[in-house]
Amino acid sequence: MPPRSPMPDTISLARDRAEASLLGLALGDAMGMPSQTLSMAEIAARHGWIADLVAPAPDHPVSRGLVAGQVTDDTEQSLLLARRLIAGNGQIAPMDWADDLLGWEADVRARGLHDLLGPSTKAALAALLAGADPATSGQGGTTNGAAMRILPVAIATPPEPLSRLIDAVEAACRITHNTGEAIAGAAAVAAVASAGLEGADFQTTLPLALAAARAGEARGTPTGACDIAGRIAAALELAGRGVTLSELAQATGTLVATHQSVPAAFGVLSLAGGEVTRATELAANIGGDTDTIGAISGGMGGATTGCTALPEARIARLRAVNQLDLAPLVEGLIRLRLKGAT
Ligand SMILES: [Mg+2]
């Protein structure tokens, strides 16, 4: 009897981990939604310890009006990029992507919500509308919007050769986050997730993530903080020593800058031993850009563990509240991945 081809198993593993990565992203986003922009002390005063999907305070500066379990820009823009990649057969036409993001913000306003485009994306799109070249519109973008929505690129692109993955990350960053800092952060996240789809666990992906950050930092304009790889490595080293969440937060910072929130996300997932439920809970309580730190750590955690490792009841609620229909997007992105792998 001929040996059975390993291909179907490989594809079903990638498909499962792709779905888990998007669900982990959504979970971390929704867990951190009520606490985003608050300090760790304010979160403790308002919520005690966030250990489930909870509603924001009615006076929350950006999350007011959202209900418990509702996702924000991190998930919505990731799914937007997934649809753009699929429609473009793996390519991102700059003006189409700009139209997608502007259309998304108009829709958020129409829904009466307040969590709009982040600082880098907003500035870049304003420049594009004023006639700037897409090659230069993103040259000031150093915040974490690139890393927060990079998962579809990681699903659609194999981890090797790394240069091709970095090319795909750079293309996704071009119009809004065309800087070494932002591309480095997004590349590190993408490397973890893409290697996870091949079956790697979080720890195993880390050398590739650091290599990706170093390679990514050489792309785009040399703007923003440097040595994102070193900052991620430092966060991982602290987590490995078993520091408290507060000590991690103080060391990395937790604000919207890539050089703070991306290392914080790596540190949180490491503190959680690579486990999504714990990582997204830690992120929701860390303070600062909690929803994006949760989205990034949850996305990387899902990609490196798979759907069976996710908290079932919480995921069911998340799917119901947000009407998440991920299967067609997962299929489309995996098709692109297989095309790229040949
Ligand atoms: Mg958000």
# chains A, B, ... in the order shown; residues from 1 in each chain; ligands from 1
>>> select_by_dssp(residues="stretch 38-260 of chain A", states="helix (DSSP H, G or I)", output="NGL selection string")
:A and (40-47 or 73-87 or 94-110 or 119-129 or 145-148 or 151-156 or 162-173 or 180-196 or 202-217 or 228-240 or 245-252 or 258-260)
>>> residues_near_ligand(ligand="ligand 1", cutoff="12 Å", atoms="only C-alpha atoms and all ligand atoms", output="PyMOL selection string")
chain A and resi 25-37+62-63+66+70-78+114-118+144-145+147-149+256+284+288-296
>>> write_last_selection(atoms="C-alpha atoms", output="compact mmCIF listing (two decimals), in the first residue's frame")
# COMPACT_ATOMS: atom_id res chain seq x y z
CA LEU A 25 -7.27 38.04 17.97
CA ALA A 26 -10.98 38.73 18.42
CA LEU A 27 -10.96 37.39 21.97
CA GLY A 28 -8.02 39.54 23.04
CA ASP A 29 -9.61 42.55 21.36
CA ALA A 30 -12.98 42.06 23.08
CA MET A 31 -11.43 41.26 26.48
CA GLY A 32 -9.41 44.50 26.33
CA MET A 33 -12.19 46.62 24.81
CA PRO A 34 -13.58 47.87 28.18
CA SER A 35 -10.13 48.73 29.54
CA GLN A 36 -8.40 50.29 26.52
CA THR A 37 -6.70 53.65 27.28
CA VAL A 62 -13.66 55.37 23.13
CA SER A 63 -15.51 52.14 23.98
CA LEU A 66 -20.14 48.83 22.84
CA GLN A 70 -17.89 43.27 21.09
CA VAL A 71 -14.69 43.59 19.08
CA THR A 72 -13.08 46.83 17.88
CA ASP A 73 -10.84 48.10 15.08
CA ASP A 74 -8.21 45.40 15.66
CA THR A 75 -10.52 42.60 14.56
CA GLU A 76 -12.57 44.60 12.07
CA GLN A 77 -9.52 45.94 10.21
CA SER A 78 -7.87 42.50 10.23
CA HIS A 114 -16.25 56.41 18.74
CA ASP A 115 -13.35 53.98 18.19
CA LEU A 116 -12.12 55.37 14.88
CA LEU A 117 -8.93 55.09 12.82
CA GLY A 118 -5.66 55.14 14.76
CA ASN A 144 0.82 49.48 16.28
CA GLY A 145 -1.92 49.49 13.62
CA ALA A 147 0.98 44.76 13.85
CA MET A 148 -2.64 44.65 15.02
CA ARG A 149 -4.00 43.79 11.54
CA VAL A 256 0.07 52.65 21.13
CA ALA A 284 -7.05 43.14 29.43
CA GLY A 288 -2.75 51.30 28.04
CA ASP A 289 -3.55 49.78 24.66
CA THR A 290 -5.08 46.69 26.25
CA ASP A 291 -7.29 45.64 23.34
CA THR A 292 -4.44 45.73 20.82
CA ILE A 293 -1.99 44.01 23.19
CA GLY A 294 -4.72 41.40 23.67
CA ALA A 295 -5.43 41.11 19.96
CA ILE A 296 -1.76 40.60 19.11
>>> atom_distance(atom1="atom CA of A:Leu271", atom2="atom CA of A:Ala233")
13.2 Å
>>> closest_atom_pairs(of="stretch 56-134 of chain A", to="stretch 176-182 of chain A", cutoff="8 Å", atoms="only C-alpha atoms", output="CSV")
residue,atom,partner,partner_atom,distance
A:Ser120,CA,A:Thr176,CA,6.1
A:Thr121,CA,A:Thr176,CA,5.0
A:Ala123,CA,A:Thr176,CA,7.9
A:Ala124,CA,A:Thr176,CA,5.2
A:Leu125,CA,A:Thr176,CA,7.3
>>> write_last_selection(atoms="C-alpha atoms", output="PDB file, in the first residue's frame")
ATOM      1  CA  SER A 120      -0.839  56.584  11.781  1.00  0.00           C
ATOM      2  CA  THR A 121      -3.653  55.354   9.548  1.00  0.00           C
ATOM      3  CA  ALA A 123      -2.607  60.775   9.044  1.00  0.00           C
ATOM      4  CA  ALA A 124      -1.654  58.596   6.078  1.00  0.00           C
ATOM      5  CA  LEU A 125      -5.139  58.518   4.605  1.00  0.00           C
TER       6      LEU A 125
END
>>> closest_residue(among="A:Ile175, A:Ala20, A:Ala57, A:Ala215", to="A:Thr308", atoms="only C-alpha atoms")
A:Ala20
>>> residues_around(residues="A:Leu13", least_positions_apart="5", cutoff="10 Å", atoms="only C-alpha atoms", output="VMD selection string")
chain A and resid 7 to 8 18 196 to 199 306 to 307
>>> closest_residue(among="A:Leu338, A:Leu310, A:Ala135, A:Ala55", to="A:Arg278", atoms="only C-alpha atoms")
A:Leu310
>>> residues_around(residues="A:Ala127", least_positions_apart="5", cutoff="9 Å", atoms="only C-alpha atoms", output="PDB file with C-alpha atoms, in the first residue's frame")
ATOM      1  CA  LYS A 122      -5.605  58.585   9.938  1.00  0.00           C
ATOM      2  CA  ALA A 132       0.332  62.290  -1.565  1.00  0.00           C
ATOM      3  CA  ASP A 133       2.061  59.364  -3.262  1.00  0.00           C
ATOM      4  CA  PRO A 134       1.169  55.981  -1.656  1.00  0.00           C
ATOM      5  CA  SER A 137       1.999  58.524   2.775  1.00  0.00           C
ATOM      6  CA  GLY A 138       3.003  56.037   5.472  1.00  0.00           C
TER       7      GLY A 138
END
>>> closest_residue(among="A:Cys226, A:Leu165, A:Cys173, A:Leu128", to="A:Ala209", atoms="only C-alpha atoms")
A:Leu165
>>> residues_around(residues="A:Arg164", least_positions_apart="4", cutoff="12 Å", atoms="only C-alpha atoms", output="ChimeraX atom specification")
/A:153-154,156-160,168-171,187,190-191,194,212,215-216,337,340-341
>>> select_by_dssp(residues="stretch 36-270 of chain A", states="strand (DSSP E or B)", output="list in words")
Thr143, Thr179, Thr221 and Ala257 of chain A
>>> write_last_selection(atoms="N, CA and C atoms", output="mmCIF file, in the first residue's frame")
data_model
loop_
_atom_site.group_PDB
_atom_site.id
_atom_site.type_symbol
_atom_site.label_atom_id
_atom_site.label_comp_id
_atom_site.auth_asym_id
_atom_site.auth_seq_id
_atom_site.Cartn_x
_atom_site.Cartn_y
_atom_site.Cartn_z
ATOM 1 N N THR A 143 2.997 53.599 14.812
ATOM 2 C CA THR A 143 2.173 52.991 15.862
ATOM 3 C C THR A 143 1.761 51.565 15.481
ATOM 4 N N THR A 179 7.408 52.399 8.005
ATOM 5 C CA THR A 179 8.575 52.750 8.833
ATOM 6 C C THR A 179 9.216 51.481 9.389
ATOM 7 N N THR A 221 10.973 53.615 5.912
ATOM 8 C CA THR A 221 11.853 54.708 6.313
ATOM 9 C C THR A 221 12.412 54.416 7.703
ATOM 10 N N ALA A 257 2.445 53.052 20.700
ATOM 11 C CA ALA A 257 3.682 52.932 19.911
ATOM 12 C C ALA A 257 4.023 51.456 19.716
#
>>> atom_distance(atom1="atom CA of A:Leu22", atom2="atom CA of A:Gly90")
17.9 Å
>>> closest_residue(among="A:Ala225, A:Val192, A:Leu206, A:Ile315", to="A:Gly301", atoms="only C-alpha atoms")
A:Val192
>>> closest_atom_pairs(of="stretch 249-339 of chain A", to="stretch 45-52 of chain A", cutoff="8 Å", atoms="only C-alpha atoms", output="CSV")
residue,atom,partner,partner_atom,distance
A:Glu281,CA,A:Ala51,CA,5.8
A:Ala284,CA,A:Ile50,CA,6.4
A:Asn285,CA,A:Ile50,CA,6.3
A:Arg314,CA,A:Asp52,CA,7.8
